[in-house]
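Colleague: What follows is start-v1.txt; its format and atoms are compact mmCIF, C-alpha atoms.
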# COMPACT_ATOMS: atom_id res chain seq x y z
CA LEU A 1 37.68 45.48 120.95
CA VAL A 2 39.54 48.67 119.95
CA THR A 3 37.84 51.93 119.12
CA MET A 4 38.83 55.44 118.14
CA ASP A 5 39.99 57.96 120.69
CA PHE A 6 37.58 60.63 119.43
CA TRP A 7 35.53 61.50 116.34
CA THR A 8 38.66 62.93 114.72
CA GLN A 9 39.69 59.31 114.10
CA LEU A 10 36.31 58.26 112.63
CA TRP A 11 38.02 56.87 109.54
CA LEU A 12 40.10 54.55 111.74
CA LYS A 13 36.94 52.60 112.50
CA GLU A 14 34.97 53.00 109.31
CA GLY A 15 37.77 52.88 106.72
CA VAL A 16 39.42 49.80 108.22
CA ALA A 17 36.04 48.07 108.63
CA ARG A 18 35.16 48.81 104.99
CA TYR A 19 38.40 47.24 103.80
CA MET A 20 38.03 44.19 106.05
CA GLU A 21 34.54 43.53 104.65
CA PHE A 22 36.17 42.79 101.31
CA VAL A 23 39.01 40.79 102.86
CA ALA A 24 36.51 38.48 104.59
CA CYS A 25 34.42 38.12 101.44
CA ASP A 26 37.47 37.31 99.32
CA ILE A 27 38.62 34.62 101.76
CA LEU A 28 35.18 33.01 101.96
CA PHE A 29 34.20 33.39 98.30
CA PRO A 30 37.34 33.85 96.16
CA GLU A 31 35.38 33.01 93.01
CA TRP A 32 33.41 36.25 93.38
CA ASP A 33 36.46 38.35 92.40
CA ILE A 34 35.37 40.87 95.00
CA TRP A 35 38.38 43.17 94.52
CA THR A 36 37.11 44.15 91.08
CA GLU A 37 33.94 45.35 92.80
CA PHE A 38 36.11 47.21 95.32
CA VAL A 39 38.01 48.98 92.54
CA GLN A 40 34.79 49.96 90.80
CA GLY A 41 32.56 50.79 93.75
CA VAL A 42 34.86 51.93 96.57
CA TYR A 43 38.21 52.95 95.08
CA GLY A 44 36.61 54.58 92.04
CA LEU A 45 34.16 56.49 94.21
CA ALA A 46 36.99 57.76 96.41
CA LEU A 47 39.09 58.90 93.43
CA GLY A 48 36.14 60.78 92.00
CA LEU A 49 35.29 62.62 95.21
CA ASP A 50 38.88 63.30 96.21
CA SER A 51 39.67 64.87 92.83
CA MET A 52 37.42 67.81 93.73
CA GLU A 53 38.88 70.99 95.20
CA SER A 54 36.12 70.78 97.83
CA SER A 55 37.45 67.49 99.21
CA HIS A 56 38.88 67.13 102.71
CA PRO A 57 41.49 64.93 104.44
CA VAL A 58 40.55 61.44 105.62
CA GLU A 59 41.30 62.54 109.17
CA VAL A 60 39.58 65.80 110.08
CA GLU A 61 39.96 67.37 113.50
CA VAL A 62 36.63 67.49 115.32
CA ASN A 63 36.36 70.09 118.06
CA HIS A 64 32.66 69.82 118.86
CA PRO A 65 30.02 67.07 118.54
CA ASP A 66 28.04 69.29 116.16
CA GLU A 67 30.82 68.82 113.60
CA ILE A 68 30.57 65.02 113.55
CA LYS A 69 28.00 64.72 110.76
CA GLU A 70 30.28 66.67 108.42
CA ILE A 71 32.79 63.80 108.20
CA PHE A 72 30.34 60.89 107.82
CA ASP A 73 30.97 60.72 104.07
CA SER A 74 32.66 58.60 101.44
CA ILE A 75 36.07 60.19 102.01
CA SER A 76 36.17 58.67 105.51
CA TYR A 77 34.80 55.33 104.32
CA ALA A 78 35.93 54.80 100.71
CA LYS A 79 39.23 56.69 100.67
CA GLY A 80 40.04 55.37 104.15
CA ALA A 81 39.50 51.80 102.94
CA SER A 82 41.56 52.46 99.80
CA ILE A 83 44.50 53.76 101.83
CA VAL A 84 44.41 50.73 104.12
CA ARG A 85 44.38 48.48 101.04
CA MET A 86 47.39 50.34 99.61
CA ILE A 87 49.36 49.93 102.84
CA SER A 88 48.36 46.26 103.01
CA SER A 89 49.75 45.79 99.50
CA TYR A 90 52.91 47.74 100.41
CA VAL A 91 53.80 45.57 103.43
CA GLY A 92 52.24 42.33 102.11
CA PHE A 93 48.89 40.91 103.20
CA GLU A 94 50.22 38.33 105.66
CA THR A 95 52.42 40.94 107.31
CA PHE A 96 49.50 43.34 107.37
CA MET A 97 47.40 40.80 109.27
CA GLU A 98 50.24 40.25 111.75
CA GLY A 99 50.37 43.99 112.28
CA MET A 100 46.61 44.10 112.83
CA LYS A 101 46.88 41.35 115.45
CA LEU A 102 49.61 43.31 117.21
CA TYR A 103 47.50 46.48 117.09
CA LEU A 104 44.39 44.75 118.46
CA LYS A 105 46.21 42.91 121.24
CA ARG A 106 48.21 45.93 122.32
CA HIS A 107 45.20 48.23 122.52
CA ALA A 108 42.48 45.73 123.49
CA TYR A 109 39.53 47.42 125.23
CA GLY A 110 41.21 50.78 124.76
CA ASN A 111 41.13 53.82 122.51
CA THR A 112 43.56 54.61 119.73
CA VAL A 113 44.63 57.27 117.26
CA THR A 114 45.78 56.76 113.68
CA GLU A 115 49.50 56.73 114.48
CA MET A 116 49.05 53.67 116.71
CA LEU A 117 47.82 51.57 113.76
CA TRP A 118 50.66 52.70 111.49
CA ARG A 119 53.27 52.01 114.21
CA ALA A 120 51.96 48.46 114.73
CA LEU A 121 52.13 47.78 110.99
CA GLY A 122 55.61 49.28 110.91
CA GLU A 123 56.79 47.00 113.72
CA ALA A 124 55.37 43.93 112.00
CA SER A 125 56.90 44.78 108.62
CA GLY A 126 60.12 46.58 109.52
CA LEU A 127 59.11 49.27 107.01
CA PRO A 128 58.57 53.02 107.66
CA VAL A 129 54.78 52.68 107.58
CA LEU A 130 54.08 55.67 109.83
CA GLU A 131 56.02 58.06 107.59
CA MET A 132 54.62 56.36 104.50
CA ALA A 133 50.96 56.42 105.48
CA LEU A 134 50.47 59.56 107.54
CA PRO A 135 50.54 62.02 104.60
CA TRP A 136 47.71 60.05 102.98
CA THR A 137 45.36 60.56 105.92
CA LEU A 138 46.36 64.13 106.77
CA GLN A 139 46.45 65.67 103.26
CA THR A 140 43.57 66.32 100.91
CA GLY A 141 43.65 64.75 97.46
CA PHE A 142 45.89 62.26 95.70
CA PRO A 143 48.61 62.37 93.01
CA ILE A 144 48.84 61.59 89.33
CA VAL A 145 52.13 60.02 88.22
CA ILE A 146 53.19 61.51 84.88
CA LEU A 147 55.55 59.28 82.93
CA PRO A 148 58.46 60.57 80.84
CA GLY A 149 58.39 60.53 77.08
CA GLY A 150 60.28 62.14 74.23
CA VAL A 151 62.96 64.44 75.58
CA GLU A 152 61.59 64.13 79.11
CA THR A 153 63.51 61.71 81.32
CA GLN A 154 62.02 62.37 84.76
CA ILE A 155 58.83 61.16 86.38
CA THR A 156 56.76 63.99 87.78
CA THR A 157 53.83 64.01 90.18
CA GLN A 158 51.21 66.52 91.15
CA ARG A 159 47.84 66.56 92.81
CA PHE A 160 45.15 65.34 90.44
CA LEU A 161 42.13 67.62 90.15
CA ALA A 162 39.12 66.77 88.00
CA GLY A 163 38.92 70.34 86.73
CA GLY A 164 42.60 70.54 85.86
CA PRO A 165 45.46 72.13 87.84
CA SER A 166 44.29 74.88 90.18
CA SER A 167 44.91 78.45 89.09
CA ASP A 168 47.17 79.22 92.04
CA GLY A 169 49.27 76.08 91.52
CA SER A 170 48.79 75.04 95.15
CA GLU A 171 48.59 71.34 94.25
CA SER A 172 52.28 71.36 93.30
CA TYR A 173 53.28 71.78 96.95
CA THR A 174 51.54 68.59 98.03
CA LYS A 175 53.62 65.41 98.06
CA TRP A 176 52.68 61.85 98.89
CA PRO A 177 54.94 58.80 99.28
CA ILE A 178 53.73 56.72 96.31
CA PRO A 179 54.43 52.95 96.18
CA VAL A 180 54.54 52.16 92.45
CA THR A 181 54.29 48.58 91.20
CA ALA A 182 54.26 47.34 87.62
CA LEU A 183 53.03 44.55 85.38
CA VAL A 184 55.56 44.05 82.59
CA GLU A 185 55.24 42.01 79.42
CA GLY A 186 56.88 38.61 79.82
CA GLN A 187 57.20 38.89 83.62
CA ASP A 188 54.99 36.61 85.71
CA ARG A 189 55.60 38.50 88.94
CA ILE A 190 54.63 42.02 89.89
CA GLN A 191 57.65 44.33 89.70
CA GLY A 192 58.50 46.83 92.46
CA PRO A 193 57.56 48.65 94.51
CA TRP A 194 59.49 51.81 93.78
CA VAL A 195 58.53 54.52 96.26
CA ILE A 196 58.31 58.04 94.84
CA ASN A 197 58.87 60.73 97.50
CA GLY A 198 59.47 57.94 99.99
CA PRO A 199 60.53 58.42 103.61
CA SER A 200 63.73 56.48 102.88
CA GLY A 201 64.46 58.30 99.62
CA ASP A 202 62.94 59.05 96.24
CA GLN A 203 63.13 56.10 93.84
CA SER A 204 61.58 57.90 90.86
CA ALA A 205 64.93 57.92 89.00
CA GLU A 206 65.23 54.13 89.36
CA LEU A 207 61.66 53.70 88.11
CA ALA A 208 62.30 56.05 85.16
CA ALA A 209 65.36 54.00 84.22
CA LYS A 210 63.28 50.81 84.30
CA ILE A 211 60.59 52.39 82.14
CA SER A 212 63.22 53.46 79.62
CA GLU A 213 64.59 49.91 79.61
CA TRP A 214 61.14 48.40 79.00
CA MET A 215 60.36 50.85 76.22
CA GLU A 216 63.69 50.25 74.48
CA SER A 217 62.93 46.52 74.60
CA GLY A 218 59.50 47.11 73.03
CA LEU A 219 57.62 45.80 76.08
CA TRP A 220 54.25 46.97 77.33
CA PHE A 221 53.94 47.77 81.02
CA LYS A 222 51.14 48.81 83.31
CA LEU A 223 51.80 50.68 86.55
CA ASN A 224 49.77 50.30 89.75
CA ALA A 225 49.25 46.54 89.54
CA GLY A 226 45.79 45.54 90.69
CA GLN A 227 44.95 49.22 91.32
CA ASN A 228 46.26 48.84 94.86
CA GLY A 229 47.81 52.32 94.98
CA PHE A 230 45.64 55.40 95.47
CA TYR A 231 46.93 57.39 92.50
CA ARG A 232 46.42 57.81 88.77
CA VAL A 233 48.95 57.32 85.98
CA ALA A 234 49.42 59.42 82.84
CA TYR A 235 51.09 57.40 80.05
CA THR A 236 52.61 58.78 76.86
CA PRO A 237 50.88 58.13 73.50
CA SER A 238 53.44 55.45 72.58
CA GLN A 239 52.94 53.72 75.91
CA TRP A 240 49.15 53.78 75.41
CA GLU A 241 49.61 52.27 71.97
CA LYS A 242 51.43 49.32 73.49
CA LEU A 243 48.77 48.91 76.20
CA SER A 244 45.87 49.00 73.74
CA SER A 245 46.86 45.57 72.43
CA VAL A 246 46.41 43.92 75.83
CA LEU A 247 43.26 45.67 77.07
CA ALA A 248 40.84 43.16 75.59
CA PRO A 249 39.74 40.40 78.03
CA GLY A 250 41.50 37.13 77.25
CA ALA A 251 44.31 38.74 75.27
CA ALA A 252 47.13 36.22 74.80
CA THR A 253 49.73 38.01 76.91
CA THR A 254 51.93 37.30 79.91
CA PRO A 255 50.94 38.49 82.39
CA GLN A 256 47.24 38.88 81.64
CA LEU A 257 45.59 42.03 82.91
CA THR A 258 42.90 41.45 85.51
CA ALA A 259 39.50 43.11 85.24
CA ALA A 260 40.65 45.55 87.94
CA ASP A 261 43.74 46.46 85.91
CA ARG A 262 41.72 47.02 82.74
CA LEU A 263 39.21 49.09 84.68
CA GLY A 264 42.05 51.17 86.11
CA LEU A 265 43.57 51.82 82.69
CA ILE A 266 40.26 52.96 81.21
CA SER A 267 39.56 55.18 84.22
CA ASP A 268 43.06 56.72 84.12
CA SER A 269 42.82 57.36 80.37
CA PHE A 270 39.60 59.32 80.74
CA ALA A 271 40.87 61.19 83.79
CA ALA A 272 44.26 62.11 82.35
CA GLY A 273 42.66 63.28 79.10
CA ARG A 274 40.64 66.00 80.81
Mind turning the file's structure into structure tokens?
Modeller:
Amino acid sequence: LVTMDFWTQLWLKEGVARYMEFVACDILFPEWDIWTEFVQGVYGLALGLDSMESSHPVEVEVNHPDEIKEIFDSISYAKGASIVRMISSYVGFETFMEGMKLYLKRHAYGNTVTEMLWRALGEASGLPVLEMALPWTLQTGFPIVILPGGVETQITTQRFLAGGPSSDGSESYTKWPIPVTALVEGQDRIQGPWVINGPSGDQSAELAAKISEWMESGLWFKLNAGQNGFYRVAYTPSQWEKLSSVLAPGAATTPQLTAADRLGLISDSFAAGR
């Protein structure tokens, strides 16, 4: 019904289609818990590949047909799907589907570029989706959110690289708008989002204040609820100590961590410890 304008927008077809595969499966067979498989097989794959210095943006300019095969990889498919899932979580699933309907009807039997999808989702949600999403498709890599502890009071972010920060420090110049959500002990509902480096302002100070409040109250908290955001989190030792008590499946806590949340915590702990 709608297809990409040129091979530069390959991800626009493949990434969205990959995400919608899981949406359809979850609607038809909710008992399969398909999003845990997404986090393990799609999201996890994308994080691993995109943490390499050799990675590339989701959207790569193609100037000649001979270059097409270079972008048929898991960055286009898996990272593309993960970004769409993050934006869906940011605007809300029902709103996301309304935006998709608008996008498909407006461009039926035509060709589109990435900005057209983000604008449709922005119109449906009333949120700055274009400014929020575009850096994720045009920039290589993804961030790690480093939480404050001890004398530190500010949240910091930088590009996450599997081999550690690059020698030239180039990752520090890359910024992404990061929608941060949280599961907090005793709270039934997901908290947030707070958008770090957001198009409408940086809410990292507000999030840091909340984290300080939770810690002073002795509560555990887990950021990136459901692993919907395409980023990693580095907790302090005291924060990890609190989380260790709720990692076991069936732990008597409110809220309970899903399998996807536990998987995300274990993955982040290994990654941040490198």
Colleague: So, counting only C-alpha atoms, which residue among A:Gly99, A:Pro135, A:Gly164, A:Gly92 is closest to Pro193 of chain A?
Modeller: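 Between A:Gly99, A:Pro135, A:Gly164, A:Gly92, the residue approaching Pro193 of chain A most closely is A:Gly92.
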Colleague: List the neighbours of Phe160 of chain A out to 7 Å using all atoms listed in the file; skip same-chain residues closer than 6 positions along the sequence, and give me the result as a count of residues only.
Modeller: 4
Colleague: Please tabulate, as CSV, the residues of segment 26-106 of chain A that come within 8 Å of segment 127-134 of chain A, each with its closest pair of atoms and the distance in Å to one decimal, counting all atoms listed in the file and ordering rows by chain, then residue number upward.
Modeller:
residue,atom,partner,partner_atom,distance
A:Ile83,CA,A:Ala133,CA,7.9
A:Ile87,CA,A:Ala133,CA,7.2
A:Val91,CA,A:Leu127,CA,7.4
Colleague: Which residues of segment 171-209 of chain A have any atom within 12 Å of an atom in segment 239-257 of chain A when counting only C-alpha atoms, and what is the closest pair of atoms for each, with the distance in Å to one decimal? Order the rows by chain and rising number and write it as JSON lines.
Modeller:
{"residue": "A:Ala182", "atom": "CA", "partner": "A:Pro255", "partner_atom": "CA", "distance": 10.8}
{"residue": "A:Leu183", "atom": "CA", "partner": "A:Pro255", "partner_atom": "CA", "distance": 7.1}
{"residue": "A:Val184", "atom": "CA", "partner": "A:Pro255", "partner_atom": "CA", "distance": 7.2}
{"residue": "A:Glu185", "atom": "CA", "partner": "A:Thr254", "partner_atom": "CA", "distance": 5.8}
{"residue": "A:Gly186", "atom": "CA", "partner": "A:Thr254", "partner_atom": "CA", "distance": 5.1}
{"residue": "A:Gln187", "atom": "CA", "partner": "A:Pro255", "partner_atom": "CA", "distance": 6.4}
{"residue": "A:Asp188", "atom": "CA", "partner": "A:Pro255", "partner_atom": "CA", "distance": 5.6}
{"residue": "A:Arg189", "atom": "CA", "partner": "A:Pro255", "partner_atom": "CA", "distance": 8.0}
{"residue": "A:Ile190", "atom": "CA", "partner": "A:Pro255", "partner_atom": "CA", "distance": 9.1}
{"residue": "A:Gln191", "atom": "CA", "partner": "A:Pro255", "partner_atom": "CA", "distance": 11.5}
Colleague: Rank A:Gln158, A:Leu104, A:Asp202, A:Asp33 by their smallest atom-to-atom distance to Pro177 of chain A, using all atoms listed in the file, and report the top residue only.
Modeller: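 Closest to Pro177 of chain A, using all atoms listed in the file: A:Asp202.
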Colleague: Write out as a CSV table (one decimal) with C-alpha atoms, in the coordinates of the input which residues come within 12 Å of segment 63-76 of chain A when counting only C-alpha atoms, dropping same-chain ones fewer than 2 positions away.
Modeller:
chain,number,residue,atom,x,y,z
A,6,PHE,CA,37.6,60.6,119.4
A,7,TRP,CA,35.5,61.5,116.3
A,8,THR,CA,38.7,62.9,114.7
A,9,GLN,CA,39.7,59.3,114.1
A,10,LEU,CA,36.3,58.3,112.6
A,11,TRP,CA,38.0,56.9,109.5
A,12,LEU,CA,40.1,54.6,111.7
A,13,LYS,CA,36.9,52.6,112.5
A,14,GLU,CA,35.0,53.0,109.3
A,15,GLY,CA,37.8,52.9,106.7
A,16,VAL,CA,39.4,49.8,108.2
A,17,ALA,CA,36.0,48.1,108.6
A,18,ARG,CA,35.2,48.8,105.0
A,19,TYR,CA,38.4,47.2,103.8
A,41,GLY,CA,32.6,50.8,93.8
A,42,VAL,CA,34.9,51.9,96.6
A,43,TYR,CA,38.2,53.0,95.1
A,44,GLY,CA,36.6,54.6,92.0
A,45,LEU,CA,34.2,56.5,94.2
A,46,ALA,CA,37.0,57.8,96.4
A,47,LEU,CA,39.1,58.9,93.4
A,48,GLY,CA,36.1,60.8,92.0
A,49,LEU,CA,35.3,62.6,95.2
A,50,ASP,CA,38.9,63.3,96.2
A,51,SER,CA,39.7,64.9,92.8
A,52,MET,CA,37.4,67.8,93.7
A,54,SER,CA,36.1,70.8,97.8
A,55,SER,CA,37.4,67.5,99.2
A,56,HIS,CA,38.9,67.1,102.7
A,57,PRO,CA,41.5,64.9,104.4
A,58,VAL,CA,40.6,61.4,105.6
A,59,GLU,CA,41.3,62.5,109.2
A,60,VAL,CA,39.6,65.8,110.1
A,61,GLU,CA,40.0,67.4,113.5
A,78,ALA,CA,35.9,54.8,100.7
A,79,LYS,CA,39.2,56.7,100.7
A,80,GLY,CA,40.0,55.4,104.2
A,81,ALA,CA,39.5,51.8,102.9
A,82,SER,CA,41.6,52.5,99.8
A,83,ILE,CA,44.5,53.8,101.8
A,84,VAL,CA,44.4,50.7,104.1
A,136,TRP,CA,47.7,60.0,103.0
A,137,THR,CA,45.4,60.6,105.9
A,138,LEU,CA,46.4,64.1,106.8
A,139,GLN,CA,46.4,65.7,103.3
A,140,THR,CA,43.6,66.3,100.9
A,141,GLY,CA,43.6,64.8,97.5
A,142,PHE,CA,45.9,62.3,95.7
Colleague: I need the residue nearest Pro165 of chain A from this list: A:His107, A:Leu1, A:Glu53, A:Thr153. Use all atoms listed in the file for the distance.
Modeller: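 Selected residue with least distance to Pro165 of chain A: A:Glu53.
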Colleague: Counting only C-alpha atoms, I want the residues whose atoms come within 9 Å of (57.4, 57.1, 94.5) in the file frame, returned as JSON, numbers by chain.
Modeller: {"A": [145, 157, 176, 177, 178, 179, 180, 193, 194, 195, 196, 197, 198, 201, 202, 203, 204, 207]}
Colleague: So how far away is atom CA of Ser212 of chain A from atom CA of Leu161 of chain A, in Å?
Modeller: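 These two atoms are separated by 27.5 Å.
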Colleague: When you draw a straight line from atom CA of Ile146 of chain A to atom CA of Val233 of chain A, how long is it in Å?
Modeller: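 Going from atom CA of Ile146 of chain A over to atom CA of Val233 of chain A, I get 6.1 Å.
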Colleague: Between atom CA of Thr112 of chain A and atom CA of Cys25 of chain A, what distance in Å does the model show, to one decimal?
Modeller: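 Atom CA of Cys25 of chain A lies at a distance of 26.3 Å from atom CA of Thr112 of chain A.
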Colleague: At the level of all heavy atoms, write segment 94-105 of chain A to a file as a tab-separated table (two decimals), in the first residue's frame, please.
Modeller:
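Now in decode-v2.tsv:
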chain	number	residue	atom	x	y	z
A	94	GLU	N	-2.26	2.65	21.25
A	94	GLU	CA	-3.48	3.02	20.52
A	94	GLU	C	-3.24	4.25	19.65
A	94	GLU	O	-3.68	4.32	18.50
A	94	GLU	CB	-4.64	3.27	21.50
A	94	GLU	CG	-5.06	2.04	22.28
A	94	GLU	CD	-5.54	0.92	21.39
A	94	GLU	OE1	-6.14	1.21	20.33
A	94	GLU	OE2	-5.31	-0.27	21.73
A	95	THR	N	-2.53	5.22	20.20
A	95	THR	CA	-2.21	6.42	19.43
A	95	THR	C	-1.27	6.09	18.28
A	95	THR	O	-1.40	6.63	17.17
A	95	THR	CB	-1.56	7.47	20.34
A	95	THR	OG1	-2.46	7.78	21.41
A	95	THR	CG2	-1.23	8.74	19.59
A	96	PHE	N	-0.34	5.19	18.53
A	96	PHE	CA	0.57	4.75	17.48
A	96	PHE	C	-0.21	4.15	16.31
A	96	PHE	O	0.06	4.45	15.13
A	96	PHE	CB	1.55	3.71	18.03
A	96	PHE	CG	2.41	3.05	16.99
A	96	PHE	CD1	3.53	3.68	16.48
A	96	PHE	CD2	2.08	1.80	16.50
A	96	PHE	CE1	4.32	3.08	15.51
A	96	PHE	CE2	2.86	1.18	15.52
A	96	PHE	CZ	3.98	1.82	15.03
A	97	MET	N	-1.20	3.32	16.61
A	97	MET	CA	-1.99	2.70	15.54
A	97	MET	C	-2.82	3.73	14.79
A	97	MET	O	-2.99	3.63	13.56
A	97	MET	CB	-2.89	1.61	16.12
A	97	MET	CG	-2.13	0.41	16.68
A	97	MET	SD	-1.02	-0.38	15.48
A	97	MET	CE	-2.21	-1.11	14.35
A	98	GLU	N	-3.30	4.76	15.50
A	98	GLU	CA	-4.01	5.84	14.81
A	98	GLU	C	-3.07	6.58	13.87
A	98	GLU	O	-3.45	6.95	12.76
A	98	GLU	CB	-4.62	6.81	15.84
A	98	GLU	CG	-5.81	6.25	16.61
A	98	GLU	CD	-6.95	5.85	15.69
A	98	GLU	OE1	-7.26	6.64	14.77
A	98	GLU	OE2	-7.52	4.77	15.90
A	99	GLY	N	-1.85	6.80	14.33
A	99	GLY	CA	-0.86	7.46	13.49
A	99	GLY	C	-0.51	6.62	12.27
A	99	GLY	O	-0.31	7.16	11.17
A	100	MET	N	-0.44	5.31	12.44
A	100	MET	CA	-0.16	4.42	11.31
A	100	MET	C	-1.29	4.46	10.29
A	100	MET	O	-1.06	4.46	9.07
A	100	MET	CB	0.07	3.00	11.81
A	100	MET	CG	1.38	2.78	12.54
A	100	MET	SD	2.86	3.14	11.55
A	100	MET	CE	2.70	1.95	10.22
A	101	LYS	N	-2.52	4.50	10.78
A	101	LYS	CA	-3.67	4.61	9.86
A	101	LYS	C	-3.59	5.90	9.06
A	101	LYS	O	-3.83	5.92	7.85
A	101	LYS	CB	-4.99	4.56	10.66
A	101	LYS	CG	-5.31	3.22	11.28
A	101	LYS	CD	-6.59	3.32	12.11
A	101	LYS	CE	-6.87	2.05	12.88
A	101	LYS	NZ	-8.07	2.19	13.74
A	102	LEU	N	-3.28	6.99	9.74
A	102	LEU	CA	-3.14	8.29	9.08
A	102	LEU	C	-2.05	8.24	8.02
A	102	LEU	O	-2.23	8.72	6.89
A	102	LEU	CB	-2.83	9.37	10.12
A	102	LEU	CG	-2.55	10.78	9.60
A	102	LEU	CD1	-3.77	11.34	8.87
A	102	LEU	CD2	-2.15	11.69	10.76
A	103	TYR	N	-0.93	7.66	8.36
A	103	TYR	CA	0.22	7.52	7.46
A	103	TYR	C	-0.16	6.70	6.22
A	103	TYR	O	0.13	7.10	5.08
A	103	TYR	CB	1.36	6.87	8.22
A	103	TYR	CG	2.53	6.39	7.39
A	103	TYR	CD1	3.45	7.29	6.85
A	103	TYR	CD2	2.74	5.02	7.19
A	103	TYR	CE1	4.55	6.84	6.12
A	103	TYR	CE2	3.83	4.57	6.47
A	103	TYR	CZ	4.72	5.47	5.92
A	103	TYR	OH	5.80	5.02	5.20
A	104	LEU	N	-0.83	5.57	6.42
A	104	LEU	CA	-1.18	4.69	5.31
A	104	LEU	C	-2.24	5.32	4.41
A	104	LEU	O	-2.16	5.21	3.18
A	104	LEU	CB	-1.67	3.35	5.84
A	104	LEU	CG	-0.60	2.48	6.53
A	104	LEU	CD1	-1.25	1.27	7.20
A	104	LEU	CD2	0.46	2.03	5.54
A	105	LYS	N	-3.23	5.97	5.01
A	105	LYS	CA	-4.28	6.60	4.19
A	105	LYS	C	-3.74	7.79	3.41
A	105	LYS	O	-4.07	7.99	2.24
A	105	LYS	CB	-5.43	7.05	5.09
A	105	LYS	CG	-6.26	5.89	5.65
A	105	LYS	CD	-7.37	6.40	6.56
A	105	LYS	CE	-8.20	5.25	7.11
A	105	LYS	NZ	-9.27	5.74	8.03
